[in-house]
>>> print(open('final.cif').read())   # mmCIF, C-alpha atoms and all ligand atoms
data_upload
#
loop_
_atom_site.label_atom_id
_atom_site.label_comp_id
_atom_site.auth_asym_id
_atom_site.auth_seq_id
_atom_site.Cartn_x
_atom_site.Cartn_y
_atom_site.Cartn_z
CA MET A 1455 76.74 127.23 82.59
CA ILE A 1456 74.69 124.15 83.55
CA ASP A 1457 72.21 124.74 80.66
CA LYS A 1458 75.13 124.93 78.24
CA MET A 1459 76.55 121.66 79.59
CA ILE A 1460 73.20 119.89 79.40
CA ASN A 1461 72.91 120.94 75.74
CA GLU A 1462 76.45 119.92 75.02
CA PHE A 1463 76.61 116.58 76.83
CA ASN A 1464 73.04 115.31 77.33
CA THR A 1465 72.19 113.63 80.60
CA PRO A 1466 73.08 111.84 82.73
CA PHE A 1467 76.53 113.14 83.60
CA TYR A 1468 78.64 113.63 86.74
CA LEU A 1469 79.77 117.23 87.22
CA TYR A 1470 82.77 117.76 89.53
CA ASN A 1471 83.97 121.06 90.95
CA GLU A 1472 87.74 121.01 91.21
CA ASN A 1473 87.74 124.00 93.58
CA ILE A 1474 85.74 122.08 96.18
CA ILE A 1475 88.21 119.18 96.08
CA GLN A 1476 91.02 121.68 96.51
CA GLU A 1477 89.30 123.34 99.50
CA LYS A 1478 88.87 119.97 101.21
CA ILE A 1479 92.51 119.07 100.66
CA GLN A 1480 93.71 122.45 101.88
CA PHE A 1481 91.53 122.19 104.96
CA LEU A 1482 93.18 118.90 105.93
CA ASN A 1483 96.67 120.05 104.97
CA ASN A 1484 96.24 123.16 107.15
CA LEU A 1485 95.23 121.32 110.32
CA ASN A 1486 97.52 122.08 113.18
CA PHE A 1487 98.94 118.68 114.01
CA LYS A 1488 101.77 118.38 116.48
CA PHE A 1489 102.96 115.09 115.03
CA ASP A 1490 104.23 113.79 111.68
CA CYS A 1491 101.17 113.15 109.50
CA LYS A 1492 100.41 112.20 105.91
CA PHE A 1493 97.03 111.84 104.19
CA HIS A 1494 96.54 109.01 101.71
CA PHE A 1495 93.44 109.42 99.51
CA ALA A 1496 91.25 106.27 99.48
CA VAL A 1497 91.15 105.66 95.73
CA LYS A 1498 87.98 103.55 96.00
CA ALA A 1499 85.99 106.72 96.68
CA ASN A 1500 86.80 108.01 93.21
CA PRO A 1501 89.42 106.48 90.93
CA ASN A 1502 89.11 108.89 87.98
CA LEU A 1503 92.63 109.64 86.73
CA ALA A 1504 92.05 113.40 86.54
CA ILE A 1505 90.86 113.48 90.14
CA LEU A 1506 93.71 111.29 91.37
CA ASN A 1507 96.20 113.45 89.51
CA ARG A 1508 94.82 116.63 91.14
CA ILE A 1509 94.96 115.05 94.60
CA HIS A 1510 98.50 113.77 94.14
CA LEU A 1511 99.68 117.30 93.33
CA HIS A 1512 98.74 118.38 96.85
CA ASN A 1513 101.23 116.20 98.68
CA PHE A 1514 98.75 113.40 99.32
CA GLY A 1515 99.56 109.73 99.10
CA ALA A 1516 97.11 107.06 97.90
CA GLU A 1517 95.42 104.12 99.62
CA VAL A 1518 94.48 101.29 97.26
CA VAL A 1519 92.69 97.96 97.63
CA SER A 1520 93.31 96.21 94.30
CA ALA A 1521 95.88 95.86 91.54
CA GLY A 1522 93.56 98.00 89.41
CA GLU A 1523 93.61 100.84 91.94
CA LEU A 1524 97.37 100.51 92.31
CA PHE A 1525 97.78 100.72 88.53
CA LYS A 1526 95.58 103.83 88.37
CA ALA A 1527 97.35 105.48 91.30
CA LEU A 1528 100.74 104.95 89.65
CA LYS A 1529 99.43 106.09 86.25
CA SER A 1530 98.01 109.28 87.74
CA GLY A 1531 101.37 110.25 89.25
CA PHE A 1532 101.62 108.87 92.79
CA ASP A 1533 105.07 107.62 93.71
CA PRO A 1534 105.07 103.98 94.92
CA THR A 1535 106.57 105.11 98.22
CA ASN A 1536 103.40 107.16 98.79
CA ILE A 1537 100.98 104.27 98.25
CA ILE A 1538 99.58 101.86 100.83
CA PHE A 1539 97.62 98.72 99.98
CA ASP A 1540 94.70 97.60 102.20
CA GLY A 1541 91.90 95.12 101.70
CA PRO A 1542 90.55 91.92 103.25
CA GLY A 1543 90.86 89.80 100.08
CA LYS A 1544 94.09 90.57 98.28
CA THR A 1545 94.84 88.04 95.53
CA GLU A 1546 98.33 86.69 94.80
CA PHE A 1547 98.28 88.90 91.72
CA ASP A 1548 97.52 91.97 93.89
CA LEU A 1549 100.29 91.08 96.34
CA LYS A 1550 102.93 90.33 93.68
CA TYR A 1551 102.19 93.65 91.96
CA ALA A 1552 102.38 95.60 95.24
CA ILE A 1553 105.58 93.82 96.28
CA THR A 1554 107.41 94.43 93.02
CA GLN A 1555 106.38 98.10 93.06
CA GLN A 1556 107.90 98.40 96.58
CA ILE A 1557 105.07 100.58 97.85
CA ARG A 1558 105.05 102.25 101.29
CA SER A 1559 103.20 99.42 103.02
CA ILE A 1560 100.97 96.42 102.41
CA ASN A 1561 98.55 96.27 105.33
CA ILE A 1562 97.64 92.64 105.85
CA GLU A 1563 94.23 91.53 107.11
CA ASN A 1564 94.79 87.75 107.01
CA LEU A 1565 97.75 86.12 108.72
CA ASP A 1566 98.42 83.91 105.67
CA GLU A 1567 99.33 87.02 103.70
CA ILE A 1568 102.48 87.33 105.81
CA ASP A 1569 104.04 84.05 104.62
CA PHE A 1570 103.24 84.80 101.01
CA ILE A 1571 104.67 88.33 101.11
CA ASN A 1572 107.79 87.08 102.87
CA GLU A 1573 108.43 84.23 100.44
CA TYR A 1574 107.67 86.16 97.27
CA SER A 1575 109.78 89.12 98.42
CA LEU A 1576 112.73 86.82 99.17
CA SER A 1577 112.35 85.14 95.75
CA LYS A 1578 112.72 88.60 94.17
CA GLY A 1579 115.58 89.68 96.43
CA LEU A 1580 113.35 92.29 98.09
CA GLN A 1581 112.20 93.29 101.55
CA THR A 1582 108.60 94.55 101.75
CA ASN A 1583 107.16 96.91 104.35
CA ILE A 1584 104.02 95.54 105.91
CA GLY A 1585 101.40 96.76 108.29
CA ILE A 1586 98.84 94.76 110.22
CA ARG A 1587 95.24 95.94 110.24
CA ILE A 1588 93.91 95.50 113.74
CA ASN A 1589 90.23 94.97 114.37
CA PRO A 1590 89.79 97.11 117.51
CA ASN A 1591 86.20 96.01 118.21
CA ILE A 1592 84.97 99.61 118.29
CA ASP A 1593 81.65 100.68 116.85
CA GLY A 1594 81.82 103.62 114.45
CA TYR A 1595 78.16 104.51 115.23
CA THR A 1596 77.49 104.73 111.52
CA LEU A 1597 75.23 102.78 109.18
CA ASP A 1598 75.51 99.03 109.89
CA LYS A 1599 76.49 98.36 106.30
CA ILE A 1600 79.53 100.63 106.46
CA THR A 1601 80.84 99.78 109.92
CA THR A 1602 84.10 97.80 109.82
CA GLY A 1603 85.72 97.83 113.26
CA LYS A 1604 83.68 95.28 115.19
CA THR A 1605 84.69 91.73 116.14
CA GLY A 1606 82.80 89.16 114.11
CA GLY A 1607 83.29 91.12 110.90
CA LYS A 1608 85.66 90.25 108.07
CA PHE A 1609 88.04 93.17 108.51
CA GLY A 1610 91.45 93.09 110.14
CA VAL A 1611 92.78 90.66 112.74
CA SER A 1612 92.62 90.78 116.51
CA PHE A 1613 95.85 91.67 118.25
CA ASP A 1614 96.06 88.44 120.26
CA GLN A 1615 96.10 86.34 117.07
CA ILE A 1616 99.44 87.80 115.95
CA ASP A 1617 102.77 86.06 116.57
CA PHE A 1618 105.03 89.12 116.47
CA ASP A 1619 108.20 87.19 117.32
CA SER A 1620 107.99 85.01 114.24
CA ILE A 1621 107.16 88.04 112.05
CA LEU A 1622 110.39 89.68 113.20
CA ASN A 1623 112.34 86.61 112.07
CA PHE A 1624 111.12 86.84 108.47
CA LYS A 1625 113.80 88.44 106.31
CA GLY A 1626 111.50 89.28 103.37
CA ILE A 1627 109.29 91.63 105.36
CA LYS A 1628 109.64 94.58 107.69
CA LEU A 1629 106.79 95.33 110.06
CA THR A 1630 106.43 99.12 110.02
CA THR A 1631 102.75 99.81 110.63
CA LEU A 1632 99.68 99.05 112.71
CA SER A 1633 96.50 100.14 110.97
CA GLU A 1634 92.77 100.28 111.52
CA HIS A 1635 89.62 101.69 109.92
CA ILE A 1636 86.37 101.43 111.87
CA GLY A 1637 84.01 102.48 109.10
CA SER A 1638 82.83 105.23 106.84
CA GLN A 1639 80.68 108.36 107.27
CA ILE A 1640 81.59 108.64 110.97
CA THR A 1641 80.39 111.80 112.65
CA ASP A 1642 81.09 110.92 116.29
CA HIS A 1643 84.73 111.93 116.70
CA ASN A 1644 84.89 110.22 120.10
CA GLN A 1645 84.62 106.80 118.45
CA LEU A 1646 87.47 107.62 116.09
CA ILE A 1647 89.64 108.88 118.95
CA LYS A 1648 88.82 105.76 120.98
CA SER A 1649 90.01 103.56 118.11
CA TYR A 1650 93.22 105.62 117.69
CA GLN A 1651 93.90 105.30 121.41
CA GLU A 1652 93.54 101.55 121.13
CA LEU A 1653 96.11 101.42 118.34
CA ILE A 1654 98.52 103.69 120.23
CA SER A 1655 98.25 101.51 123.30
CA LEU A 1656 98.97 98.35 121.27
CA ALA A 1657 102.02 99.97 119.67
CA ASP A 1658 103.19 101.11 123.14
CA GLN A 1659 102.82 97.54 124.43
CA LEU A 1660 104.96 96.28 121.55
CA LEU A 1661 107.59 98.92 122.22
CA LYS A 1662 107.89 97.65 125.81
CA LYS A 1663 108.65 94.23 124.30
CA GLY A 1664 111.34 95.77 122.07
CA ILE A 1665 109.21 95.81 118.89
CA SER A 1666 109.24 99.26 117.39
CA ILE A 1667 106.28 100.32 115.22
CA GLU A 1668 107.11 103.31 113.02
CA THR A 1669 103.68 104.24 111.68
CA LEU A 1670 100.11 104.23 112.93
CA ASP A 1671 97.56 104.24 110.12
CA PHE A 1672 94.24 105.44 111.52
CA GLY A 1673 92.19 104.87 108.33
CA GLY A 1674 89.56 107.22 106.96
CA GLY A 1675 85.85 107.53 107.65
CA PHE A 1676 85.48 111.29 108.19
CA GLY A 1677 81.76 111.97 107.98
CA VAL A 1678 80.30 114.57 105.64
CA ILE A 1679 76.78 115.95 105.44
CA ASP A 1680 74.94 113.24 103.55
CA HIS A 1681 72.07 111.12 104.82
CA SER A 1682 72.49 112.78 108.22
CA ASP A 1683 72.82 116.52 108.68
CA GLN A 1684 75.89 116.11 110.89
CA GLU A 1685 79.52 116.15 109.98
CA LEU A 1686 82.67 115.34 111.91
CA ASN A 1687 83.69 117.98 114.46
CA PHE A 1688 87.24 118.50 113.18
CA GLN A 1689 88.13 121.04 115.87
CA GLU A 1690 87.49 118.60 118.70
CA TRP A 1691 89.03 115.76 116.70
CA GLU A 1692 92.24 117.72 116.09
CA LYS A 1693 92.47 118.81 119.74
CA ASP A 1694 92.00 115.26 121.05
CA LEU A 1695 94.44 113.83 118.50
CA ASN A 1696 97.20 116.19 119.55
CA LYS A 1697 96.51 115.23 123.15
CA ILE A 1698 96.64 111.44 122.67
CA LEU A 1699 99.81 111.64 120.56
CA GLU A 1700 101.67 114.01 122.87
CA GLY A 1701 105.14 112.68 123.66
CA LYS A 1702 104.83 109.87 121.07
CA SER A 1703 107.07 109.62 118.05
CA TYR A 1704 104.83 107.58 115.73
CA LYS A 1705 104.30 108.74 112.16
CA VAL A 1706 100.57 108.96 111.48
CA ILE A 1707 98.60 108.20 108.32
CA PHE A 1708 94.95 108.95 107.55
CA GLU A 1709 93.09 107.50 104.58
CA PRO A 1710 90.19 109.85 103.81
CA GLY A 1711 88.15 109.14 100.69
CA ARG A 1712 84.61 110.43 101.04
CA TYR A 1713 85.63 113.69 102.77
CA ILE A 1714 87.83 114.79 99.86
CA VAL A 1715 85.43 114.20 96.98
CA ALA A 1716 81.84 113.67 98.20
CA ASP A 1717 80.66 117.28 98.06
CA SER A 1718 82.46 118.03 94.82
CA CYS A 1719 80.05 116.29 92.47
CA GLU A 1720 76.48 116.50 91.23
CA LEU A 1721 74.82 113.89 89.07
CA ILE A 1722 72.73 115.70 86.47
CA SER A 1723 69.66 113.79 85.34
CA LYS A 1724 66.57 114.33 83.21
CA VAL A 1725 62.99 113.50 84.18
CA LEU A 1726 61.72 111.00 81.64
CA TYR A 1727 58.22 110.48 83.04
CA VAL A 1728 55.99 111.43 85.97
CA LYS A 1729 53.23 108.98 86.84
CA GLN A 1730 50.65 108.26 89.49
CA SER A 1731 50.67 104.82 91.14
CA GLY A 1732 47.96 104.50 93.80
CA ASN A 1733 48.56 107.44 96.12
CA LYS A 1734 52.21 107.81 95.01
CA LYS A 1735 53.64 110.26 92.50
CA ILE A 1736 56.58 108.55 90.82
CA VAL A 1737 59.26 110.42 88.93
CA ILE A 1738 61.29 108.28 86.53
CA THR A 1739 64.68 109.77 85.70
CA ASP A 1740 67.41 108.81 83.27
CA CYS A 1741 69.56 107.94 86.33
CA SER A 1742 69.18 104.67 88.16
CA PHE A 1743 71.11 102.60 90.66
CA SER A 1744 73.52 101.79 87.83
CA GLU A 1745 74.70 105.42 88.02
CA TYR A 1746 74.22 105.95 91.77
CA LEU A 1747 73.98 102.81 93.86
CA ARG A 1748 74.20 104.16 97.41
CA PRO A 1749 70.48 104.98 97.92
CA ALA A 1750 69.49 101.41 96.96
CA LEU A 1751 72.41 99.80 98.78
CA TYR A 1752 72.28 101.72 102.06
CA ASP A 1753 68.77 103.11 102.09
CA ILE A 1754 69.94 106.70 102.15
CA THR A 1755 68.38 109.71 100.47
CA PRO A 1756 70.82 111.99 98.68
CA PRO A 1757 70.21 115.75 98.71
CA ILE A 1758 68.26 116.56 95.54
CA GLU A 1759 67.65 119.81 93.65
CA VAL A 1760 65.11 120.33 90.91
CA LEU A 1761 66.19 122.72 88.14
CA ASN A 1762 62.87 124.47 87.63
CA LYS A 1763 61.31 127.54 89.11
CA SER A 1764 58.16 125.93 90.50
CA LYS A 1765 56.97 127.51 93.76
CA ASP A 1766 54.51 124.69 94.52
CA PHE A 1767 55.66 121.48 96.15
CA ASP A 1768 54.66 117.85 96.02
CA VAL A 1769 55.86 114.58 97.55
CA TYR A 1770 57.55 112.15 95.17
CA ASP A 1771 59.34 108.85 94.88
CA ILE A 1772 62.30 109.27 92.52
CA ALA A 1773 63.10 106.11 90.57
CA GLY A 1774 65.34 104.96 87.74
CA GLY A 1775 64.56 102.88 84.72
CA ILE A 1776 66.17 99.62 85.89
CA CYS A 1777 63.95 96.55 86.03
CA GLU A 1778 64.43 96.05 89.78
CA SER A 1779 62.10 97.12 92.54
CA THR A 1780 65.04 98.48 94.59
CA ASP A 1781 65.87 101.02 91.88
CA TYR A 1782 64.85 104.16 93.77
CA LEU A 1783 67.01 107.22 94.43
CA ALA A 1784 64.62 108.72 96.98
CA LYS A 1785 61.27 107.98 98.53
CA ASP A 1786 58.59 110.29 99.91
CA ILE A 1787 60.63 113.39 99.27
CA LYS A 1788 59.13 116.88 99.12
CA LEU A 1789 60.32 118.76 96.05
CA PRO A 1790 59.18 121.61 93.79
CA GLN A 1791 56.53 120.27 91.41
CA ILE A 1792 58.18 118.19 88.72
CA LYS A 1793 57.15 117.61 85.11
CA LYS A 1794 58.48 115.51 82.25
CA GLY A 1795 61.59 117.10 80.75
CA ASP A 1796 62.74 118.84 83.96
CA TYR A 1797 66.28 118.29 85.19
CA ILE A 1798 67.22 117.00 88.63
CA LYS A 1799 70.56 117.18 90.43
CA PHE A 1800 71.63 114.51 92.92
CA LEU A 1801 74.13 116.24 95.19
CA ASN A 1802 77.23 114.99 97.05
CA VAL A 1803 77.78 112.01 94.75
CA GLY A 1804 81.54 112.49 94.29
CA ALA A 1805 82.42 109.63 96.64
CA TYR A 1806 81.26 106.10 95.86
CA GLY A 1807 79.13 107.51 93.02
CA SER A 1808 80.87 106.95 89.74
CA SER A 1809 83.20 104.43 91.42
CA MET A 1810 80.27 102.16 92.32
CA SER A 1811 78.47 102.64 89.01
CA SER A 1812 77.89 99.71 86.69
CA THR A 1813 76.54 98.96 83.25
CA TYR A 1814 73.67 96.87 84.64
CA ASN A 1815 70.80 96.66 82.14
CA SER A 1816 73.58 97.40 79.59
CA ARG A 1817 73.42 101.11 80.30
CA PRO A 1818 76.52 103.00 79.10
CA ARG A 1819 78.32 104.54 82.08
CA PRO A 1820 77.86 108.35 82.07
CA LEU A 1821 80.21 111.08 81.03
CA GLU A 1822 82.21 112.87 83.74
CA VAL A 1823 82.97 116.58 83.59
CA MET A 1824 85.33 118.63 85.77
CA MET A 1825 84.79 122.37 86.17
CA ASN A 1826 86.73 125.07 87.97
CA LYS A 1827 86.17 128.82 88.24
CA GLU A 1828 87.16 129.41 84.61
CA GLU A 1829 86.36 126.37 82.49
CA TYR A 1830 85.10 122.83 82.26
CA ARG A 1831 86.38 119.71 80.52
CA VAL A 1832 85.43 116.09 80.04
CA ILE A 1833 87.43 113.75 82.29
CA ARG A 1834 85.71 110.54 81.23
CA SER A 1835 83.77 110.05 78.05
CA ARG A 1836 80.42 108.26 78.06
CA ASP A 1837 80.62 104.53 77.25
CA THR A 1838 79.61 103.81 73.69
CA LEU A 1839 77.34 100.89 72.82
CA GLU A 1840 80.42 99.17 71.40
CA ASP A 1841 82.18 99.61 74.77
CA LEU A 1842 79.45 97.45 76.27
CA CYS A 1843 80.55 94.56 74.01
CA LYS A 1844 84.29 95.22 74.21
CA ASN A 1845 85.52 92.16 76.07
CA GLU A 1846 82.91 89.70 74.90
CA ILE A 1847 83.51 86.91 72.40
CA MET A 1848 80.61 85.68 70.26
C1 LIG B 1901 90.74 100.62 104.80
C2 LIG B 1901 89.97 101.81 104.36
N1 LIG B 1901 90.56 103.01 104.44
C3 LIG B 1901 89.91 104.13 104.04
C4 LIG B 1901 88.61 104.08 103.55
C5 LIG B 1901 87.94 105.37 103.14
O1 LIG B 1901 86.83 105.63 103.90
P1 LIG B 1901 86.09 107.04 103.73
O2 LIG B 1901 85.79 107.20 102.28
O3 LIG B 1901 84.86 106.91 104.54
O4 LIG B 1901 87.01 108.09 104.23
C6 LIG B 1901 87.95 102.84 103.47
C7 LIG B 1901 86.58 102.77 102.97
O5 LIG B 1901 85.97 101.77 102.80
C8 LIG B 1901 88.65 101.67 103.87
O6 LIG B 1901 88.10 100.46 103.80
#
>>> encode(input="final.cif", output="structure tokens", more="lines below")
Ligand SMILES: Cc1ncc(COP(=O)(O)O)c(C=O)c1O
Amino acid sequence: MIDKMINEFNTPFYLYNENIIQEKIQFLNNLNFKFDCKFHFAVKANPNLAILNRIHLHNFGAEVVSAGELFKALKSGFDPTNIIFDGPGKTEFDLKYAITQQIRSINIENLDEIDFINEYSLSKGLQTNIGIRINPNIDGYTLDKITTGKTGGKFGVSFDQIDFDSILNFKGIKLTTLSEHIGSQITDHNQLIKSYQELISLADQLLKKGISIETLDFGGGFGVIDHSDQELNFQEWEKDLNKILEGKSYKVIFEPGRYIVADSCELISKVLYVKQSGNKKIVITDCSFSEYLRPALYDITPPIEVLNKSKDFDVYDIAGGICESTDYLAKDIKLPQIKKGDYIKFLNVGAYGSSMSSTYNSRPRPLEVMMNKEEYRVIRSRDTLEDLCKNEIM
């Protein structure tokens, strides 16, 4: 099937497997939680409408961080009451849109957001549910560039900064939620549990003061096999979760992004050239950091497969055609011997792959294809050269 697709579409293209997304969703939906729980897909991981639509059909909500993501979540079928809005830099436009849609909760990360949401809601005759994202000062033990739960960072607010009494007096808002998210690609479940415990204990403290929090939003971050060969131990995680929530009546939300879509996608690429540079063998592909940014951004090496039958191996640097010296997809990687015209698959690029892609160097963004056991179909067409000029005025 892959040969047929390569002939039909040309490279590069993202190839998603719908069945894998479904398996991931079912796995989470089948966990044996002893508390009220809802999963909200983090749209930033992959905002393709076809993917969002599939996820929404499985009783998931959505987590968005911009008006654009909110628009796409609504367009793909999510009900506003199943959408939560996070993000450390929401604009007035973002907030007004979220308020008028009356979504499940806007989780604030700056105290000034509270006044604005209150006043705008009152001006529209509305009351808006809000949450407060707490910065629990807990290390996710993940890559530094994707850790978000430590003091000194830009995410969330610390508990002692919040004047709960005055929040309760605002008539345009209702405080329903405490939230947190300590980072992405977390494989140490103990750190997640520690951060959940912190949030539970803060909500318990508030309850003693007569302030009742309805929902605890524990964020996402579930690690998958990627740059490390470890993934989250869900069995232990589930067991510990049930334990720490025993006897509590909070509703719980999780916001997984990567876990749902990462493994579902391969980026199919063609080898344009192979060259020798000093003692290095460099493979130049028709993919670059414009199509897959994470290796250049985080210094990770994605799993790679070469679609040839070579039994001999060599060590390569895999680069793209962008005029930047950071444009590498892998370095010093041992692969079957590669020649010009071979095809290479970058695996596990379903999360933060297409969604972080750009048209840098005026490269049209690639086609996206979704397959299942029976068929495949295009879910995003390749940009045309005209698309690259679409919003520009000469
Ligand atoms: C607030 C929030 N929730 C959820 C996520 C999703 O994280 P992941 O894709 O690692 O599950 C992110 C990712 O940046 C986030 O910032």
>>> atom_distance(input="final.cif", atom1="CA of Ile1665 in chain A", atom2="CA of Ile1557 in chain A")
22.0 Å
>>> closest_residue(input="final.cif", among="A:Tyr1806, A:Tyr1770, A:Tyr1704, A:Tyr1727", to="Arg1748 in chain A", atoms="all atoms listed in the file")
A:Tyr1806
>>> residues_around(input="final.cif", residues="Asn1513 in chain A", least_positions_apart="6", cutoff="10 Å", atoms="only C-alpha atoms", output="list in words")
Ile1479, Asn1483, Lys1492, Phe1493, His1494, Phe1532 and Asn1536 of chain A
>>> closest_atom_pairs(input="final.cif", of="chain A", to="ligand LIG 1901 (chain B)", cutoff="8 Å", atoms="all atoms listed in the file", output="JSON lines")
{"residue": "A:Phe1495", "atom": "CA", "partner": "B:LIG1901", "partner_atom": "C5", "distance": 7.7}
{"residue": "A:Ala1496", "atom": "CA", "partner": "B:LIG1901", "partner_atom": "C5", "distance": 5.0}
{"residue": "A:Lys1498", "atom": "CA", "partner": "B:LIG1901", "partner_atom": "C7", "distance": 7.2}
{"residue": "A:Ala1499", "atom": "CA", "partner": "B:LIG1901", "partner_atom": "O2", "distance": 5.6}
{"residue": "A:Glu1517", "atom": "CA", "partner": "B:LIG1901", "partner_atom": "N1", "distance": 6.9}
{"residue": "A:Val1519", "atom": "CA", "partner": "B:LIG1901", "partner_atom": "C1", "distance": 7.9}
{"residue": "A:Asp1540", "atom": "CA", "partner": "B:LIG1901", "partner_atom": "C1", "distance": 5.6}
{"residue": "A:Gly1541", "atom": "CA", "partner": "B:LIG1901", "partner_atom": "C1", "distance": 6.4}
{"residue": "A:Ile1600", "atom": "CA", "partner": "B:LIG1901", "partner_atom": "O5", "distance": 7.5}
{"residue": "A:Thr1602", "atom": "CA", "partner": "B:LIG1901", "partner_atom": "O6", "distance": 7.7}
{"residue": "A:Glu1634", "atom": "CA", "partner": "B:LIG1901", "partner_atom": "C1", "distance": 7.0}
{"residue": "A:His1635", "atom": "CA", "partner": "B:LIG1901", "partner_atom": "C1", "distance": 5.3}
{"residue": "A:Gly1637", "atom": "CA", "partner": "B:LIG1901", "partner_atom": "O3", "distance": 6.4}
{"residue": "A:Ser1638", "atom": "CA", "partner": "B:LIG1901", "partner_atom": "O3", "distance": 3.5}
{"residue": "A:Gln1639", "atom": "CA", "partner": "B:LIG1901", "partner_atom": "O3", "distance": 5.2}
{"residue": "A:Ile1640", "atom": "CA", "partner": "B:LIG1901", "partner_atom": "O3", "distance": 7.4}
{"residue": "A:Gly1673", "atom": "CA", "partner": "B:LIG1901", "partner_atom": "N1", "distance": 4.6}
{"residue": "A:Gly1674", "atom": "CA", "partner": "B:LIG1901", "partner_atom": "O4", "distance": 3.8}
{"residue": "A:Gly1675", "atom": "CA", "partner": "B:LIG1901", "partner_atom": "O3", "distance": 3.3}
{"residue": "A:Phe1676", "atom": "CA", "partner": "B:LIG1901", "partner_atom": "O4", "distance": 5.3}
{"residue": "A:Gly1677", "atom": "CA", "partner": "B:LIG1901", "partner_atom": "O3", "distance": 6.9}
{"residue": "A:Phe1708", "atom": "CA", "partner": "B:LIG1901", "partner_atom": "C3", "distance": 7.8}
{"residue": "A:Glu1709", "atom": "CA", "partner": "B:LIG1901", "partner_atom": "C3", "distance": 4.7}
{"residue": "A:Pro1710", "atom": "CA", "partner": "B:LIG1901", "partner_atom": "O4", "distance": 3.7}
{"residue": "A:Gly1711", "atom": "CA", "partner": "B:LIG1901", "partner_atom": "O2", "distance": 3.4}
{"residue": "A:Arg1712", "atom": "CA", "partner": "B:LIG1901", "partner_atom": "O2", "distance": 3.7}
{"residue": "A:Tyr1713", "atom": "CA", "partner": "B:LIG1901", "partner_atom": "O4", "distance": 5.9}
{"residue": "A:Ala1805", "atom": "CA", "partner": "B:LIG1901", "partner_atom": "O2", "distance": 7.0}
{"residue": "A:Tyr1806", "atom": "CA", "partner": "B:LIG1901", "partner_atom": "O2", "distance": 7.9}
>>> atom_distance(input="final.cif", atom1="CA of Ile1621 in chain A", atom2="CA of Leu1565 in chain A")
10.2 Å
>>> atom_distance(input="final.cif", atom1="CA of Asp1566 in chain A", atom2="CA of Pro1534 in chain A")
23.7 Å
>>> residues_around(input="final.cif", residues="Asp1796 in chain A", least_positions_apart="3", cutoff="9 Å", atoms="only C-alpha atoms", output="MDAnalysis selection string")
chainID A and resid 1723:1726 1760:1762 1792:1793
>>> residues_around(input="final.cif", residues="Cys1491 in chain A", least_positions_apart="5", cutoff="9 Å", atoms="all atoms listed in the file", output="list in words")
Lys1705, Val1706, Ile1707 and Phe1708 of chain A
>>> residues_around(input="final.cif", residues="Ser1575 in chain A", least_positions_apart="4", cutoff="12 Å", atoms="all atoms listed in the file", output="list in words")
Leu1549, Lys1550, Tyr1551, Ala1552, Ile1553, Thr1554, Gln1555, Gln1556, Glu1567, Ile1568, Asp1569, Phe1570, Ile1571, Gly1579, Leu1580, Gln1581, Thr1582, Asn1583, Ile1584, Phe1624, Lys1625, Gly1626, Ile1627 and Lys1628 of chain A
>>> closest_residue(input="final.cif", among="A:Leu1699, A:Thr1669, A:Asn1589, A:Ile1714", to="His1512 in chain A", atoms="all atoms listed in the file")
A:Ile1714
>>> residues_around(input="final.cif", residues="Gln1730 in chain A", least_positions_apart="6", cutoff="12 Å", atoms="only C-alpha atoms", output="list in words")
Ile1736, Val1737, Ile1738, Val1769, Tyr1770 and Asp1771 of chain A
>>> closest_residue(input="final.cif", among="A:Gln1791, A:Thr1641, A:Gln1659, A:Asn1696", to="Phe1618 in chain A", atoms="all atoms listed in the file")
A:Gln1659
>>> residues_near_point(input="final.cif", point="(94.1, 102.3, 86.7)", cutoff="12 Å", atoms="only C-alpha atoms", output="ChimeraX atom specification")
/A:1497-1498,1500-1504,1506-1507,1518-1532
>>> residues_near_point(input="final.cif", point="(63.6, 96.8, 86.5)", cutoff="12 Å", atoms="only C-alpha atoms", output="VMD selection string")
chain A and resid 1738 1742 to 1744 1773 to 1782 1814 to 1815
>>> closest_residue(input="final.cif", among="A:Asn1461, A:Tyr1470, A:Leu1485, A:Ala1750", to="Ile1505 in chain A", atoms="only C-alpha atoms")
A:Tyr1470
>>> build_atoms(input="final.cif", residues="range 1838-1844 of chain A", atoms="N, CA and C atoms", output="short mmCIF file (atom, residue, chain, number, x, y, z; two decimals), in the coordinates of the input")
data_model
loop_
_atom_site.label_atom_id
_atom_site.label_comp_id
_atom_site.auth_asym_id
_atom_site.auth_seq_id
_atom_site.Cartn_x
_atom_site.Cartn_y
_atom_site.Cartn_z
N THR A 1838 80.39 103.98 74.93
CA THR A 1838 79.61 103.81 73.69
C THR A 1838 78.91 102.45 73.76
N LEU A 1839 78.00 102.20 72.85
CA LEU A 1839 77.34 100.89 72.82
C LEU A 1839 78.37 99.81 72.52
N GLU A 1840 79.35 100.14 71.68
CA GLU A 1840 80.42 99.17 71.40
C GLU A 1840 81.22 98.84 72.66
N ASP A 1841 81.45 99.87 73.51
CA ASP A 1841 82.18 99.61 74.77
C ASP A 1841 81.50 98.50 75.58
N LEU A 1842 80.18 98.45 75.49
CA LEU A 1842 79.45 97.45 76.27
C LEU A 1842 79.75 96.03 75.81
N CYS A 1843 80.28 95.91 74.57
CA CYS A 1843 80.55 94.56 74.01
C CYS A 1843 82.04 94.23 74.00
N LYS A 1844 82.85 95.22 74.46
CA LYS A 1844 84.29 95.22 74.21
C LYS A 1844 85.00 93.91 74.53
#
